[in-house]
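For reference, the structure is listed below as structure tokens.
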Amino acid sequence: PPPPDRIIAGEITKGQTLSSALRAQALPKDLVEVICRHLQAVVNLRRIKPGDSFEVRLSPQGAFLNLTYTASPLDIYQLSLNPGGDWIAVKKEVPVDRYWVKVSGEISASLFEAMDRLGEKDSLIMDFADIFAWEIDFHKDPQPGDRFEMVVEKYLVGDSFVRYGRILYAEYQRETQKHQALYFAPPGARGDYYTPQGESLRKALLRSPLKFTRISSGYTRSRPHPILGGSRPHLGVDYAAPPGTPVWAVADGTVTFCGWNGGYGKQVIIRHAKGYQSMYGHLSGYGPGISRGKTVRQKQIIGYVGSTGLSTGPHLDFRLTQNGVPRNPLKDVSPRAPALTREQMPEFQRFTDPLLRWAGDPSGISRQKVATLTSRDLDSSEKEIRNPISAKRKGK
């Protein structure tokens with residue numbers, strides 16, 4: 001039999017470039033230069049990182065045949081030299097499986113701790129919290145014994161996790177209340193989350209102006225002022241957070257004030273519908289384009305956590321009024337967005353009923369494969385949601 005090709009495999013280590021890693025394998029300098037020059041057409045070699053791997057295939061006589069460079073399960077690049085002397089660099093198409101996966105657990109300390117214990121990533125935790133941002137303040141509401149469950153899309157290459165897709169179903173069970181959310185995109189409309197009865201989870205006001213930070217001071221009409229001393233009304237909520245944490249508008253509105261405001265330091269005030277007004281104090285700076293008179297959208301970044309004015313440390317002083325009367329941001333109930341129409345409900349139920357049944361299925365089946373894609377069409381496929389009725393179940 002003919003002698004086999006020679007395989008040279010390696011991994012990028014800290015401080016290495018692809019060029020230095022290949023040279024460390026005793027490949028000729030001129031060959032390494034040619035490889036890097038042609039591979040640069042499909043991958044930015046300045047962004048290689050420790051842990052990336054490569055495999056070089058040489059003929060028995062030592063002639064270069066091809067190189068495979070793997071940056072992630074989804075990002076695999078190949079450079080080959082054909083018999084005609086042409087160098088061909090491509091990003092390989094990789095088959096990607098999309099699964100629906102059940103994730104569930106119980107709160108002991110926090111949602112972060114509980115999901116981290118399950119091996120899930122921060123991005124999923126934040127997405128889950130965002131779904132219930134109008135109903136649950138995850139800074140203060142969770143209690144030990146609360147339970148959560150979701151059905152989420154996961155993309156895998158083989159057994160390697162690539163990324164999350166959309167959360168299709170989310171549930172948060174408190175001692176006396178169950179919150180449920182189902183993703184649905186009405187024909188011709190943007191997808192959103194609804195209760196099983198078709199009510200929108202979206203409300204006029206968010207429960208919190210920050211993403212998932214710890215509360216340093218609850219709402220109270222009298223507390224010792226940390227700088228001036230004595231008892232002064234504190235008609236708002238202090239959210240402790242690292243400096244620079246983005247602050248969001250809790251609702252659509254118009255900026256009526258943006259500047260320095262005495263003890264509040266840098267502050268933004270926004271006027272909303274129904275007589276509501278929200279105030280954000282002690283900011284370190286303002287969001288892009290934020291100034292008096294600007295229209296803002298709910299969850300638009302309007303500033304960043306700081307410690308300006310009368311402040312003992314980085315935090316957000318958040319206040320809410322309605323028709324000039326202070327309201328408790330942690331308890332105020334705001335109206336919901338419109339529910340699904342009677343005409344939309346049959347399609348909603350056709351889509352979500354099988355999903356609800358599977359979510360509550362005690363059989364132990366925790367994931368089902370719903371599609372096989374390629375790395376090329378993965379991005380566009382995220383907009384696609386397949387009906388659970390046609391999905392073939394597979395065991396975990």
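So you can find residues: chains in the structure tokens are A, B, ... in the order shown, residues in each start at 1, and ligands are numbered from 1 in order.
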
Which polymer residues have any atom within 7 Å of an atom of segment 206-210 of chain A, counting only C-alpha atoms, with same-chain residues fewer than 5 positions away left out, as a ChimeraX atom specification?
/A:133-137,246-251,330

Please produce a file of the residues just selected, as an mmCIF file, in the first residue's frame, where the atoms kept are C-alpha atoms.
data_model
loop_
_atom_site.group_PDB
_atom_site.id
_atom_site.type_symbol
_atom_site.label_atom_id
_atom_site.label_comp_id
_atom_site.auth_asym_id
_atom_site.auth_seq_id
_atom_site.Cartn_x
_atom_site.Cartn_y
_atom_site.Cartn_z
ATOM 1 C CA ALA A 133 -39.515 41.800 33.356
ATOM 2 C CA TRP A 134 -43.047 43.258 33.532
ATOM 3 C CA GLU A 135 -44.240 40.867 36.268
ATOM 4 C CA ILE A 136 -41.278 39.834 38.430
ATOM 5 C CA ASP A 137 -38.460 41.934 39.871
ATOM 6 C CA PRO A 246 -26.825 50.330 31.679
ATOM 7 C CA VAL A 247 -30.036 51.957 32.930
ATOM 8 C CA TRP A 248 -33.184 51.472 30.854
ATOM 9 C CA ALA A 249 -36.311 53.549 30.404
ATOM 10 C CA VAL A 250 -39.132 51.675 32.152
ATOM 11 C CA ALA A 251 -41.613 52.784 29.489
ATOM 12 C CA LEU A 330 -41.936 47.784 43.439
#

Alpha helix (DSSP H) call set, DSSP backbone run, segment 165-352 of chain A, as a list in words:
Met345, Pro346, Glu347, Phe348, Gln349, Arg350, Phe351 and Thr352 of chain A

Let's have the selection written as a short mmCIF file (atom, residue, chain, number, x, y, z; two decimals), in the first residue's frame, with N, CA and C atoms.
data_model
loop_
_atom_site.label_atom_id
_atom_site.label_comp_id
_atom_site.auth_asym_id
_atom_site.auth_seq_id
_atom_site.Cartn_x
_atom_site.Cartn_y
_atom_site.Cartn_z
N MET A 345 -56.74 33.66 18.51
CA MET A 345 -56.64 32.64 19.54
C MET A 345 -56.60 31.20 19.00
N PRO A 346 -57.38 30.83 17.97
CA PRO A 346 -57.28 29.44 17.49
C PRO A 346 -55.87 29.07 17.02
N GLU A 347 -55.21 29.96 16.27
CA GLU A 347 -53.85 29.68 15.82
C GLU A 347 -52.89 29.63 17.00
N PHE A 348 -53.08 30.53 17.95
CA PHE A 348 -52.24 30.53 19.16
C PHE A 348 -52.37 29.20 19.90
N GLN A 349 -53.58 28.73 20.07
CA GLN A 349 -53.79 27.48 20.80
C GLN A 349 -53.30 26.28 20.01
N ARG A 350 -53.46 26.31 18.69
CA ARG A 350 -52.96 25.21 17.87
C ARG A 350 -51.45 25.08 18.01
N PHE A 351 -50.79 26.21 18.12
CA PHE A 351 -49.33 26.21 18.24
C PHE A 351 -48.86 25.89 19.65
N THR A 352 -49.53 26.45 20.65
CA THR A 352 -49.00 26.38 22.02
C THR A 352 -49.52 25.20 22.84
#

May I have the residues within 12 Å of Lys14 of chain A as a ChimeraX atom specification, using only C-alpha atoms and disregarding those fewer than 5 positions away in the same chain?
/A:20-21,48-52

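For the atom pair formed by atom CA of Tyr155 of chain A and atom CA of Ala170 of chain A, the distance is 18.4 Å, given to one decimal.
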
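Closest approach to Ile125 of chain A among A:Thr17, A:Thr312, A:Gln300, A:Ser104: A:Ser104, based on only C-alpha atoms.
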
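Using only C-alpha atoms, the contacts of Ala185 of chain A at a cut-off of 10 Å, with sequence neighbours closer than 4 positions omitted, comprise Ala189, Arg190, Gly191, Asp192, Tyr193, Tyr194, Gln344, Glu347, Phe348, Phe351 and Ile385 of chain A.
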
Take atom CA of Glu199 of chain A and atom CA of Leu340 of chain A and report the distance between them in Å, one decimal.
6.4 Å

Need the shell around Tyr69 of chain A: protein/DNA/RNA residues with any atom at most 6 Å away, counting only C-alpha atoms. Skip same-chain ones fewer than 4 positions apart. Format as a PyMOL selection string?
chain A and resi 53-54+76-77

Print the selection's residues with N, CA and C atoms to a file, as a JSON list (two decimals), in the first residue's frame.
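Okay, this is what ended up in out_5.json:
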[["chain", "number", "residue", "atom", "x", "y", "z"],
["A", 53, "SER", "N", -7.69, 25.12, 17.30],
["A", 53, "SER", "CA", -6.86, 24.00, 16.88],
["A", 53, "SER", "C", -6.64, 24.02, 15.37],
["A", 54, "PHE", "N", -5.62, 23.31, 14.93],
["A", 54, "PHE", "CA", -5.33, 23.21, 13.50],
["A", 54, "PHE", "C", -4.82, 21.81, 13.19],
["A", 76, "ILE", "N", -15.28, 26.41, 11.31],
["A", 76, "ILE", "CA", -14.21, 25.54, 10.83],
["A", 76, "ILE", "C", -13.81, 26.01, 9.44],
["A", 77, "TYR", "N", -12.53, 26.27, 9.25],
["A", 77, "TYR", "CA", -12.02, 26.82, 8.00],
["A", 77, "TYR", "C", -11.03, 25.83, 7.38]]

Calculate how many Å separate atom CA of Trp100 of chain A from atom CA of Val370 of chain A, rounding to one decimal.
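Going from atom CA of Trp100 of chain A over to atom CA of Val370 of chain A, I get 7.0 Å.
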
Can you tell me, as a PDB file with C-alpha atoms, in the first residue's frame, what residues are no more than 6 Å from Gly303 of chain A when counting only C-alpha atoms, ignoring any on the same chain fewer than 2 positions away?
ATOM      1  CA  VAL A 247     -30.036  51.957  32.930  1.00  0.00           C
ATOM      2  CA  GLY A 285     -23.353  59.470  32.258  1.00  0.00           C
ATOM      3  CA  TYR A 286     -26.172  59.487  29.738  1.00  0.00           C
ATOM      4  CA  GLY A 287     -27.181  57.034  27.031  1.00  0.00           C
ATOM      5  CA  ILE A 301     -30.487  52.812  27.486  1.00  0.00           C
TER       6      ILE A 301
END

Pick from A:Ser200, A:Ser72, A:Gln298, A:Gln16, whichever lies nearest to Val162 of chain A using only C-alpha atoms:
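Checking each of A:Ser200, A:Ser72, A:Gln298, A:Gln16 against Val162 of chain A, counting only C-alpha atoms, the winner is A:Ser72.
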
For Ser291 of chain A, the nearest of the candidates A:Asn328, A:Ser19, A:Ser311, A:Thr256, counting only C-alpha atoms:
A:Thr256

Apply DSSP to the structure's backbone, then extract all residues of segment 112-303 of chain A labelled strand (DSSP E) and return them as number ranges by chain.
A: 147-157, 160-173, 178-184, 192-194, 214-217, 220-224, 231-234, 236-240, 246-248, 253-260, 266-271, 276-286, 295-296, 301-303

Would you list the contacts of Pro314 of chain A as a short mmCIF file (atom, residue, chain, number, x, y, z; two decimals) with N, CA and C atoms, in the first residue's frame, taking every protein, DNA or RNA residue within 6 Å and counting only C-alpha atoms, but skipping same-chain residues closer than 4 positions in sequence?
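result-v9.cif, written as the output of this step:
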data_model
loop_
_atom_site.label_atom_id
_atom_site.label_comp_id
_atom_site.auth_asym_id
_atom_site.auth_seq_id
_atom_site.Cartn_x
_atom_site.Cartn_y
_atom_site.Cartn_z
N PRO A 243 -20.49 50.38 38.64
CA PRO A 243 -20.46 51.60 37.82
C PRO A 243 -20.49 51.25 36.34
N GLY A 306 -23.92 55.29 38.41
CA GLY A 306 -22.77 56.03 38.90
C GLY A 306 -22.92 56.34 40.38
N SER A 307 -22.23 57.39 40.82
CA SER A 307 -22.29 57.80 42.22
C SER A 307 -22.20 59.31 42.33
#

Calculated over only C-alpha atoms, which of the candidates A:His179, A:His139, A:Arg98, A:Arg47 has the smallest distance to Asp159 of chain A?
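Under the stated criterion, the closest residue is A:Arg98.
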
I'd like to know which of A:Arg163, A:Lys178, A:Arg202, A:His315 is closest to Gly244 of chain A, using only C-alpha atoms.
A:His315
